[in-house]
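*Asks:* Pasting in a structure now, in structure tokens, and then I'll have a few things to ask.
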Amino acid sequence: MGRFDVPDDGTQQPLEQLIANRVAKLEALRELGVEPYPARYRVETSITDVVARWKDADAAALEEARPAVRLAGRVRAIRGHGKAAFVDLNDGATRIQLHVRKDRLPENDWAVFKLLDLGDFAGAEGVLFRTRTGELTVAVERLSVLAKALRPLPEKYHGLADREARARQRYLDLVANPESRRVFEIRSRIVAALRRFLGEHGFLEVETPMMHPIPGGATARPFVTHHNALDLDLYLRIAPELYLKRLIVGGFERVFELNRNFRNEGISTRHNPEFTMLEFYWAYADYELLMEFTEAMLTAVAEEAVGSLTLPWGEGTIDLSRPWRRLTLRDAILAYSDLEEADLADRAAMESAARRLGVERIEERSDGKLLAELFEVTAEPRLIDPTFIIDFPRDISPLAKSSPSDPDTVERFELFVGGMELANAYTELNDPAEQRRRLEEQARRSGGTVDEDFLLALEHGMPPTGGEGIGIDRLVMLMTGRQSIRDVILFPLLRPREGE
RNA sequence: GGGCCGUUAGCUCAGGUGGUAGAGCAGCGGACUUUUAAUCCGCGGGUCGGAGGUUCGAAUCCUCCACGGCUCACCA
């Protein structure tokens, strides 16, 4: 409103001039009796369909068949030739060329063509033929404008490069950069393949609360919101884990949830405040079985989504072929550093090793946290091909069952690929008394509230269970070769621009 | 939050050591009925992210601010 009422006195800003040109054409269309935003334009085939159907037909075959088509899409290029022109029309995925000729179009349609701009949506009816250069082309007989674009699109050749603009105005990124569109097509295929694989293996998809009275299942800082009618603070979930386990108690033996988690932490190339997690719980399974299952599932997904088990990653590649390597947390540290067994033997040795490696705030970290920290600075960034890291310290795994042979170690693994943590899984702790001790200890150590309702559920009996979480955004990064999580989330969180 | 780097026309980018901003695409006008980064002729378009400062003079040097990128921290 008011935005386009710019005075035509030569004082306009450049973008305003471009917009004013288009508005003038829009008004000219209306004067011709043409509605620039018609309510509908029925098409039975997309450009993609038509090109797929006729791409191999030669000129003679097309001359014979004279296929009549009716197509709609966005105008991406106009190559004028006086009383004729070539127009590229794109349905988002596929481009087709139109040939318009003044002597073949109704007078009004030619007038409409003259008022078309790059970026407008248009509809065309005509007959397919091949040009002198062999390109499949529509000889247009009727032309319609379907929606006038008032602002110019990014440049056709270089696309949209500005990373901020690509994230803020994702629609422009998708129009201008086919490889960005491809990322989100693959993302959709990955999610569909995961759902299908889990369904085929007897898992039931469920939806548990996004708003939790007590945040649990992880230890990140939560986002807080408030329910007015109940006068109740609620927390956007940091993990669905404790609710999914309640369902195992309830007798759903295989459940999964694939949806958003929210963590009020920093933003990085691997962290977005809201991110997508697959969590699944499997009664009578343990972490060993989950490793087998994870290999099978993720290789099947890779085959289905990208058709390969070799993924380009940075300068190199990731090889997903099975079996995947397994390494204990301690062995991983030893393998990827010059530390020796003696450096991990006791607290004092670990502190000294950590100091040498530049770990900060050593004193305030628990033994387990310190070991995990040593892993993170030595091995994690170098685990490129998929590697299961097993045998985690109990004190950083409050929901995992202890190993029968060593009560200070739990039956847990994390999966690392491309130097990133991709999955976290364990044989679930189902002893309610032990679970209570662990949660109370955690609450004592780092604050927070014990989820009594969860313990109440456990006290009714949860079968032996394996559970796992897989970070979907990172999985998409791996399968699309993207090094930033912002490239695989359609609308990543950005600071609003001033005045917005 | 810290460090480093960046922000120039609608888009993609140039603009040694300070001398008052350019190109391609897009746009506008003209020619052109098989082109495809169409071609040819002509034209318009900039508070150089913002605000201060240094200087005779700032896109360029300094300070602060905004936004972004990378990175560190936070994230068991």
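Every chain in the structure tokens has a letter given in the order shown (A, B, ...), and although residue numbers restart at 1 in each chain, ligands are simply numbered from 1 in the order shown.
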Please, which residues of stretch 258-489 of chain A, numbered as in this document, come out strand (DSSP E) from DSSP, as number ranges by chain?

*Replies:* A: 258-262, 274-283, 310-313, 316-319, 325-328, 387-393, 402-403, 406-417, 420-427, 465-471

*Asks:* What residues in chain B have any atom no more than 9 Å from chain A when counting only C-alpha atoms (C1' of nucleotides), and can you write them as number ranges by chain?

*Replies:* B: 9-12, 25-28, 31-38, 45-46, 66-69, 74-76

*Asks:* Within 10 Å of A:Val306, counting only C-alpha atoms (C1' of nucleotides), which residues qualify if same-chain residues fewer than 6 places away don't, as a list in words?

*Replies:*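 Those residues are Ile186, Arg187, Arg189, Ile190, Met479 and Thr480 of chain A.
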
*Asks:* Find the residues around stretch 426-431 of chain A up to 7 Å (only C-alpha atoms (C1' of nucleotides) counted), leave out those fewer than 2 positions away in its own chain, and share them as a PyMOL selection string.

*Replies:* chain A and resi 286-287+399-401+411-413+433-435+458+462+464-468

*Asks:* Check the smallest atom-to-atom distance from each of B:G22, B:G29, B:G52, B:G44 to B:U8 using only C-alpha atoms (C1' of nucleotides), then report the winner.

*Replies:*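 The closest residue to B:U8 is B:G22.
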